[in-house]
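Read through the structure below, which is laid out as structure tokens, and then see the notes.
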Amino acid sequence: ASAAIYSLIETAKANGLPPYEYLRYVFETLPTLNDDELTTLLPWHWKDTLPS
């Protein structure tokens, strides 16, 4: 479980995202998604939705 969390954090950092906000978004959004919508949680998709 720790490795999965560390992977999410490092992937967020590699994509220039703040890890806390990204993890919060993932954990809040994940329960509401269908299987075909999971790609919306990938950091390179989420980065496009950040407010400027």
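We label chains A, B, ... in the order they appear in the structure tokens, count residues from 1 in each chain, and number ligands from 1 in the order shown.
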So which residues touch range 10-24 of chain A within 9 Å, counting only C-alpha atoms, skipping near sequence neighbours fewer than 5 positions away, as a PyMOL selection string? chain A and resi 5+29+41-44+46-47
For the helix (DSSP H, G or I) assignment from backbone DSSP, which residues of chain A qualify? Please present them as a compact mmCIF listing (two decimals) with N, CA and C atoms, in the first residue's frame.
# COMPACT_ATOMS: atom_id res chain seq x y z
N SER A 2 1.94 1.22 0.76
CA SER A 2 2.83 2.38 0.81
C SER A 2 3.45 2.67 -0.55
N ALA A 3 3.83 1.63 -1.27
CA ALA A 3 4.44 1.82 -2.59
C ALA A 3 3.46 2.49 -3.55
N ALA A 4 2.19 2.15 -3.47
CA ALA A 4 1.18 2.76 -4.34
C ALA A 4 1.04 4.25 -4.04
N ILE A 5 1.01 4.60 -2.77
CA ILE A 5 0.90 6.01 -2.38
C ILE A 5 2.14 6.78 -2.81
N TYR A 6 3.32 6.19 -2.56
CA TYR A 6 4.57 6.85 -2.97
C TYR A 6 4.60 7.05 -4.48
N SER A 7 4.11 6.08 -5.23
CA SER A 7 4.07 6.21 -6.69
C SER A 7 3.18 7.37 -7.12
N LEU A 8 2.02 7.50 -6.48
CA LEU A 8 1.13 8.61 -6.80
C LEU A 8 1.79 9.95 -6.49
N ILE A 9 2.45 10.02 -5.36
CA ILE A 9 3.11 11.27 -4.95
C ILE A 9 4.23 11.64 -5.92
N GLU A 10 5.07 10.67 -6.26
CA GLU A 10 6.19 10.96 -7.15
C GLU A 10 5.72 11.26 -8.57
N THR A 11 4.65 10.61 -9.02
CA THR A 11 4.11 10.90 -10.34
C THR A 11 3.53 12.31 -10.37
N ALA A 12 2.87 12.71 -9.31
CA ALA A 12 2.35 14.08 -9.23
C ALA A 12 3.50 15.08 -9.30
N LYS A 13 4.55 14.83 -8.54
CA LYS A 13 5.72 15.74 -8.55
C LYS A 13 6.34 15.80 -9.94
N ALA A 14 6.46 14.65 -10.59
CA ALA A 14 7.08 14.60 -11.92
C ALA A 14 6.27 15.38 -12.95
N PRO A 19 1.48 17.55 -4.65
CA PRO A 19 1.06 16.19 -4.27
C PRO A 19 -0.18 16.15 -3.38
N TYR A 20 -0.28 17.05 -2.40
CA TYR A 20 -1.43 17.01 -1.49
C TYR A 20 -2.73 17.25 -2.24
N GLU A 21 -2.77 18.27 -3.08
CA GLU A 21 -3.99 18.58 -3.81
C GLU A 21 -4.35 17.46 -4.78
N TYR A 22 -3.33 16.89 -5.42
CA TYR A 22 -3.59 15.80 -6.35
C TYR A 22 -4.16 14.58 -5.63
N LEU A 23 -3.56 14.20 -4.50
CA LEU A 23 -4.06 13.05 -3.74
C LEU A 23 -5.47 13.30 -3.22
N ARG A 24 -5.71 14.50 -2.76
CA ARG A 24 -7.05 14.83 -2.28
C ARG A 24 -8.07 14.69 -3.41
N TYR A 25 -7.73 15.19 -4.58
CA TYR A 25 -8.61 15.07 -5.74
C TYR A 25 -8.86 13.60 -6.08
N VAL A 26 -7.80 12.80 -6.11
CA VAL A 26 -7.95 11.38 -6.45
C VAL A 26 -8.85 10.68 -5.44
N PHE A 27 -8.61 10.88 -4.15
CA PHE A 27 -9.39 10.17 -3.14
C PHE A 27 -10.83 10.66 -3.05
N GLU A 28 -11.08 11.90 -3.40
CA GLU A 28 -12.46 12.40 -3.41
C GLU A 28 -13.21 11.95 -4.65
N THR A 29 -12.52 11.84 -5.77
CA THR A 29 -13.16 11.56 -7.04
C THR A 29 -13.28 10.07 -7.33
N LEU A 30 -12.35 9.27 -6.90
CA LEU A 30 -12.30 7.85 -7.22
C LEU A 30 -13.60 7.10 -6.93
N PRO A 31 -14.23 7.30 -5.79
CA PRO A 31 -15.46 6.54 -5.52
C PRO A 31 -16.63 6.86 -6.44
N THR A 32 -16.58 7.98 -7.13
CA THR A 32 -17.71 8.39 -7.96
C THR A 32 -17.54 8.03 -9.43
N ASP A 35 -15.55 2.57 -14.33
CA ASP A 35 -14.29 2.00 -14.77
C ASP A 35 -13.73 2.69 -16.00
N ASP A 36 -14.59 3.12 -16.91
CA ASP A 36 -14.11 3.74 -18.13
C ASP A 36 -13.68 5.20 -17.93
N GLU A 37 -13.87 5.76 -16.75
CA GLU A 37 -13.50 7.14 -16.45
C GLU A 37 -12.22 7.25 -15.62
N LEU A 38 -11.58 6.14 -15.32
CA LEU A 38 -10.42 6.16 -14.45
C LEU A 38 -9.24 6.94 -15.03
N THR A 39 -9.16 7.01 -16.34
CA THR A 39 -8.03 7.74 -16.93
C THR A 39 -8.09 9.23 -16.62
N THR A 40 -9.24 9.74 -16.21
CA THR A 40 -9.33 11.15 -15.85
C THR A 40 -8.54 11.46 -14.58
N LEU A 41 -8.16 10.44 -13.83
CA LEU A 41 -7.38 10.65 -12.61
C LEU A 41 -5.88 10.72 -12.87
N PRO A 43 -2.33 12.09 -13.71
CA PRO A 43 -1.86 13.45 -13.47
C PRO A 43 -1.77 14.30 -14.72
N TRP A 44 -1.41 13.73 -15.84
CA TRP A 44 -1.28 14.55 -17.05
C TRP A 44 -2.63 14.98 -17.58
N HIS A 45 -3.72 14.31 -17.20
CA HIS A 45 -5.06 14.79 -17.54
C HIS A 45 -5.52 15.83 -16.53
N TRP A 46 -5.22 15.59 -15.28
CA TRP A 46 -5.66 16.48 -14.21
C TRP A 46 -4.97 17.82 -14.29
N LYS A 47 -3.72 17.85 -14.74
CA LYS A 47 -2.96 19.10 -14.82
C LYS A 47 -3.68 20.12 -15.70
N ASP A 48 -4.37 19.65 -16.72
CA ASP A 48 -5.08 20.55 -17.62
C ASP A 48 -6.29 21.21 -16.96
N THR A 49 -6.77 20.66 -15.85
CA THR A 49 -7.95 21.22 -15.19
C THR A 49 -7.60 22.15 -14.03
